[in-house]
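Take a look at the structure set out below.
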Amino acid sequence: MKHFFNRRENIVTEALDGLLLTSRKGRLARLDSFPDIKVILRADWDKSKVAIISGGGAGHEPSHAGFVGKGMLTAAVSGEIFASPSVDAVLTAIRAVTGPKGALLIVKNYTGDRLNFGLAAEKARAEGFDVEMVIVADDIALPGISQPRGVAGTLFVHKIAGYHAERGQDLKTVAAQAGSAAGDIVSLGMSLSTCSVPGQTHEDRLGADEGELGLGIHGEPGVERIALQPVADIVAIMSARLSATPGNTGDHALLINNLGAVPPLEMAVVANAVLATPLGRRTRLIIGPAPVMTALNMNGFSLSLIPLDAEREAALTAAVEPHAWMPAVERHGIEIIAAPRTARGEAAAGENPGNRRLIAALCEHLISLEEDLNRLDARVGDGDTGSTVATGARSLLARLDTLPLDRPAATLAAIGDILGTSMGGSSGVLLSIFFTAAAKAMADKSNISAALLAGLDRMAFYGGAEVGDRTMVDALSPALHALASGGVAAAAKAAASGAESTKAMTKAKAGRSSYVGARDLADVADPGAVAVAAAFTVVAGLQT
C-alpha cells in the first residue's frame, strides 16, 4: 500500500511539526528536547491547575497531540508509530507542566505504556511532584481477559479529566472523576482491513468477503472474523455486545470513531444504523462520527459507551479548545420541513386519440431498442443509454392516462416533469429541459415546430453541446429544422442522416464518449442520436 511520507524515521516528528504549524499561533508548543523526546504542550500553560498528561505511540492521530488545549490535555507525549514513549520522555513532560496542584497521567492499558508511564510517575514522585495515574481498559472484544486494551474510550477520560482540571479542582478529585469514568467505559471495534504502516510491507489477513470484530488499534487480530454483511447487521452485533456489559442499561454517551480509512459517507451510514438499535435509542449524547483515535489507515470503526450522570454530561458537553474533539450533541429526531409546492400544480388529464397513439408508439419502440442501444453505448460510453431511455419511456406509458393530451403545451410540460424525475442521468435532465422550454414556448405561441426549436435552444444552452459534438443534438437539431420547413418525413430523414454522421466523428466533445479514444469511436454511431432518429422514424410512420 502506498503512503505519503519522506523518510520513515522522520514521519512522526514531521507530522507533529505539521500540527504545530497549522494550529493557531500561541496555542501549542513543543519542548526543545525534540525530536528525541517528543512532547507537545499548551503554550499558555501557567501550572496553576492540575496538569493532564497522556500519550502513547503515534499512528492514532489526532490522538494524542490533537487533544492538547484548554479543557482537555495539558501535554501529550509521543512515541514512534505504535511504540510507547520512553520513561525519559514521560518524565520530561511531567517536569515541564506539573505545578503545585500536581499532574494526572491518563494511560491506555498496554504493557509498554503502563510500564513507561508508571516508572516515570514513580521517578517524578521521588523528585517531589504530586502525580497520579489512571489506566483505561475499555475494550470488551476479549471477554474475561484480565488486562483489556485501552482504545477510543480513552477520549472520554481526557475530556472528563480536562473539564474538572480546568474548573480548578484538586488532583484527588480530578483523578477520582477520571478513574470512575475509566471503569465504566466499554468499546468495541470492527474492521474490513488491517492497517498499513508506512515503510513496511502490508499483508491483509482478511478475505474479500469477511470482516474482523474486536481487533486492536495497532492492527492486532480481532476476536473473530465475521462474514461481510449489511452494516445494520454488523452494528446490531456490536450494539448487543456493548449493551450486555454490566452497568450499561441507562442513558449514556456514544462515541462513533473512524479508525482511519472509512469514507465520511459510510461513517454517516454507520451512525444512522447504530442510532436505530436499542442501544442507539438509549443514547443521550453523541460524539462523532469522527476520526478521534485512529489506527493509521484501518478501514474500520469503533463504538464506545459511557454511562451518564449530570456531572459527566456537563463535562462532555463543555466547550474545549482542541478542534479535533467533536462537540457532543443531544440525541434528537430528524427535523422535516415541507418542500415548496409548485404553484401551477398538476394539469388535469385530457384525451386526444392521436396524441395518445403517438406517445404510446414512441415509448413502445424506444423500449424495444433497450438492448440494442445499451450494446451500442457499451462501445462508446458506459452501456446504459438504452436502459435510461427505456426507463423514461416506461414512466410515460405508466402515466399516459394522467396526461393532458388535449392540450399540447400542457402535455409537453407534463412530459418534461415525468422525464426529469424518472429518467435519470444527464439525458433525463436534458430532455426535461427540452420539453419544459418547449411547453413554455408553445403556451406563448401555438406553433409546435417553433416550440420544439425553442426547447432545443435551451437544451443546447444548458448542456453545452452543438452539432458536431457527437451527441443526440446531431440528430435532433437537423430533424427539428427540417420539421419546420419540410414536415415530418423530412425531419425523420434529417434525423437518420444526423445519427449516421456521428459514425465519422472520432472526437466527442460532450457526454461519456468524450473520454473514449478516436479508434473506439470510429464507425460507431452515438446511441443518443440513434434513439432520436428512431423516434422520428416512428412519428413519420404514423403520419403516412
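Residues in the C-alpha cells are named by chain (A, B, ... in the order shown) and by number from 1 within that chain; ligands are numbered from 1 in the order shown.
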
**Prompt:** Got a sec: who's within 12 Å of Ala441 (chain A), counting only C-alpha atoms, leaving out chain neighbours fewer than 4 positions off, as a list in words?
**Reply:**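 Non-adjacent residues within range: Pro408, Ala409, Ala410, Leu412, Ala413, Phe434, Phe435, Thr436, Ala437, Lys445, Ser446, Asn447, Ile448, Ser449, Ala450, Ala451, Leu452, Leu453, Ala454, Gly455, Leu456, Asp457 and Arg458 of chain A.
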
Output for the residues just chosen: C-alpha atoms as a PDB file, in the first residue's frame:
```
ATOM      1  CA  PRO A 408     -50.264  20.321 -26.389  1.00  0.00           C
ATOM      2  CA  ALA A 409     -48.436  22.856 -24.197  1.00  0.00           C
ATOM      3  CA  ALA A 410     -49.581  21.132 -21.006  1.00  0.00           C
ATOM      4  CA  LEU A 412     -45.117  18.909 -23.220  1.00  0.00           C
ATOM      5  CA  ALA A 413     -44.792  20.303 -19.684  1.00  0.00           C
ATOM      6  CA  PHE A 434     -36.137  20.406 -23.803  1.00  0.00           C
ATOM      7  CA  PHE A 435     -39.794  19.600 -23.133  1.00  0.00           C
ATOM      8  CA  THR A 436     -40.202  22.189 -20.349  1.00  0.00           C
ATOM      9  CA  ALA A 437     -38.844  25.014 -22.520  1.00  0.00           C
ATOM     10  CA  LYS A 445     -47.428  30.876 -29.372  1.00  0.00           C
ATOM     11  CA  SER A 446     -49.202  27.764 -30.648  1.00  0.00           C
ATOM     12  CA  ASN A 447     -46.580  26.552 -33.136  1.00  0.00           C
ATOM     13  CA  ILE A 448     -45.182  23.090 -32.452  1.00  0.00           C
ATOM     14  CA  SER A 449     -42.125  23.432 -34.703  1.00  0.00           C
ATOM     15  CA  ALA A 450     -41.146  26.783 -33.194  1.00  0.00           C
ATOM     16  CA  ALA A 451     -41.785  25.441 -29.685  1.00  0.00           C
ATOM     17  CA  LEU A 452     -39.559  22.402 -30.209  1.00  0.00           C
ATOM     18  CA  LEU A 453     -36.789  24.582 -31.622  1.00  0.00           C
ATOM     19  CA  ALA A 454     -37.061  26.784 -28.531  1.00  0.00           C
ATOM     20  CA  GLY A 455     -36.666  23.652 -26.413  1.00  0.00           C
ATOM     21  CA  LEU A 456     -33.591  22.671 -28.430  1.00  0.00           C
ATOM     22  CA  ASP A 457     -32.106  26.118 -27.901  1.00  0.00           C
ATOM     23  CA  ARG A 458     -32.453  25.855 -24.102  1.00  0.00           C
TER      24      ARG A 458
END
```

With 12 Å as the cut-off and only C-alpha atoms counted, what is the closest atom pair between each nearby residue of region 53-131 of chain A and region 297-315 of chain A? Distances in Å to one decimal, ordered by chain and number, as JSON lines.
```
{"residue": "A:Gly59", "atom": "CA", "partner": "A:Asn297", "partner_atom": "CA", "distance": 8.8}
{"residue": "A:His60", "atom": "CA", "partner": "A:Asn297", "partner_atom": "CA", "distance": 9.5}
{"residue": "A:Glu61", "atom": "CA", "partner": "A:Asn297", "partner_atom": "CA", "distance": 10.4}
{"residue": "A:Gly71", "atom": "CA", "partner": "A:Ala315", "partner_atom": "CA", "distance": 9.3}
{"residue": "A:Met72", "atom": "CA", "partner": "A:Ala315", "partner_atom": "CA", "distance": 10.3}
```

**Prompt:** What lies within 10 Å of region 259-267 of chain A using only C-alpha atoms, ignoring chain neighbours under 3 positions off, as a PyMOL selection string?
**Reply:** chain A and resi 59-61+152+189-193+195+217+231+256+270-273+288-302

**Message:** Applying 7 Å and only C-alpha atoms, which residues near region 232-243 of chain A remain after dropping the ones on its own chain fewer than 2 positions away? List them as a ChimeraX atom specification.
**Reply:** /A:186,188,229-230,245,248-249,273-274,277,279

With DSSP run on the backbone, what are the helix (DSSP H, G or I) residues within region 49-235 of chain A? I'd like them as a PDB file with C-alpha atoms, in the first residue's frame.
```
ATOM      1  CA  ALA A  65      -1.358  15.741  20.460  1.00  0.00           C
ATOM      2  CA  GLY A  66      -4.538  16.818  18.684  1.00  0.00           C
ATOM      3  CA  PHE A  67      -6.323  16.953  22.047  1.00  0.00           C
ATOM      4  CA  VAL A  87      10.374   6.813  30.503  1.00  0.00           C
ATOM      5  CA  ASP A  88      12.590   9.863  29.990  1.00  0.00           C
ATOM      6  CA  ALA A  89      10.062  11.390  27.586  1.00  0.00           C
ATOM      7  CA  VAL A  90       7.177  10.970  30.033  1.00  0.00           C
ATOM      8  CA  LEU A  91       9.260  12.246  32.953  1.00  0.00           C
ATOM      9  CA  THR A  92      10.314  15.282  30.911  1.00  0.00           C
ATOM     10  CA  ALA A  93       6.659  16.085  30.210  1.00  0.00           C
ATOM     11  CA  ILE A  94       5.798  15.788  33.911  1.00  0.00           C
ATOM     12  CA  ARG A  95       8.607  18.142  34.861  1.00  0.00           C
ATOM     13  CA  ALA A  96       7.597  20.615  32.171  1.00  0.00           C
ATOM     14  CA  VAL A  97       3.928  21.078  33.090  1.00  0.00           C
ATOM     15  CA  THR A 111       2.232  -3.073  28.785  1.00  0.00           C
ATOM     16  CA  GLY A 112       4.698  -0.580  27.320  1.00  0.00           C
ATOM     17  CA  ASP A 113       2.559   2.419  28.251  1.00  0.00           C
ATOM     18  CA  ARG A 114       1.825   1.142  31.764  1.00  0.00           C
ATOM     19  CA  LEU A 115       5.492   0.443  32.499  1.00  0.00           C
ATOM     20  CA  ASN A 116       6.982   3.590  30.973  1.00  0.00           C
ATOM     21  CA  PHE A 117       4.365   5.981  32.330  1.00  0.00           C
ATOM     22  CA  GLY A 118       4.394   4.133  35.657  1.00  0.00           C
ATOM     23  CA  LEU A 119       8.156   4.334  36.143  1.00  0.00           C
ATOM     24  CA  ALA A 120       8.123   7.977  35.105  1.00  0.00           C
ATOM     25  CA  ALA A 121       5.407   8.649  37.694  1.00  0.00           C
ATOM     26  CA  GLU A 122       7.466   6.977  40.429  1.00  0.00           C
ATOM     27  CA  LYS A 123      10.567   8.957  39.497  1.00  0.00           C
ATOM     28  CA  ALA A 124       8.536  12.163  39.436  1.00  0.00           C
ATOM     29  CA  ARG A 125       7.167  11.437  42.914  1.00  0.00           C
ATOM     30  CA  ALA A 126      10.707  10.865  44.132  1.00  0.00           C
ATOM     31  CA  THR A 154      -9.838   6.909  26.463  1.00  0.00           C
ATOM     32  CA  LEU A 155     -11.045  10.145  24.871  1.00  0.00           C
ATOM     33  CA  PHE A 156     -13.950  10.255  27.322  1.00  0.00           C
ATOM     34  CA  VAL A 157     -11.409  10.229  30.169  1.00  0.00           C
ATOM     35  CA  HIS A 158      -9.354  13.001  28.551  1.00  0.00           C
ATOM     36  CA  LYS A 159     -12.485  15.127  28.270  1.00  0.00           C
ATOM     37  CA  ILE A 160     -13.776  14.480  31.790  1.00  0.00           C
ATOM     38  CA  ALA A 161     -10.382  14.934  33.468  1.00  0.00           C
ATOM     39  CA  GLY A 162      -9.719  18.088  31.452  1.00  0.00           C
ATOM     40  CA  TYR A 163     -13.080  19.529  32.455  1.00  0.00           C
ATOM     41  CA  HIS A 164     -12.523  19.065  36.176  1.00  0.00           C
ATOM     42  CA  ALA A 165      -8.928  20.288  35.988  1.00  0.00           C
ATOM     43  CA  GLU A 166      -9.997  23.399  34.089  1.00  0.00           C
ATOM     44  CA  LEU A 171      -5.722  16.307  41.958  1.00  0.00           C
ATOM     45  CA  LYS A 172      -7.612  13.886  44.193  1.00  0.00           C
ATOM     46  CA  THR A 173     -10.966  14.985  42.729  1.00  0.00           C
ATOM     47  CA  VAL A 174      -9.727  15.055  39.142  1.00  0.00           C
ATOM     48  CA  ALA A 175      -8.172  11.582  39.488  1.00  0.00           C
ATOM     49  CA  ALA A 176     -11.331  10.202  41.108  1.00  0.00           C
ATOM     50  CA  GLN A 177     -13.556  11.516  38.311  1.00  0.00           C
ATOM     51  CA  ALA A 178     -11.187  10.175  35.660  1.00  0.00           C
ATOM     52  CA  GLY A 179     -10.832   6.797  37.370  1.00  0.00           C
ATOM     53  CA  SER A 180     -14.585   6.407  37.783  1.00  0.00           C
ATOM     54  CA  ALA A 181     -15.116   7.183  34.106  1.00  0.00           C
ATOM     55  CA  ALA A 182     -12.363   4.782  33.018  1.00  0.00           C
ATOM     56  CA  GLY A 183     -14.019   1.980  34.973  1.00  0.00           C
ATOM     57  CA  ASP A 184     -17.378   2.482  33.281  1.00  0.00           C
ATOM     58  CA  VAL A 231     -23.819  -2.514   8.181  1.00  0.00           C
ATOM     59  CA  ALA A 232     -27.114  -2.646  10.096  1.00  0.00           C
ATOM     60  CA  ASP A 233     -26.416  -6.305  10.913  1.00  0.00           C
ATOM     61  CA  ILE A 234     -22.797  -5.606  11.889  1.00  0.00           C
ATOM     62  CA  VAL A 235     -23.828  -2.743  14.142  1.00  0.00           C
TER      63      VAL A 235
END
```
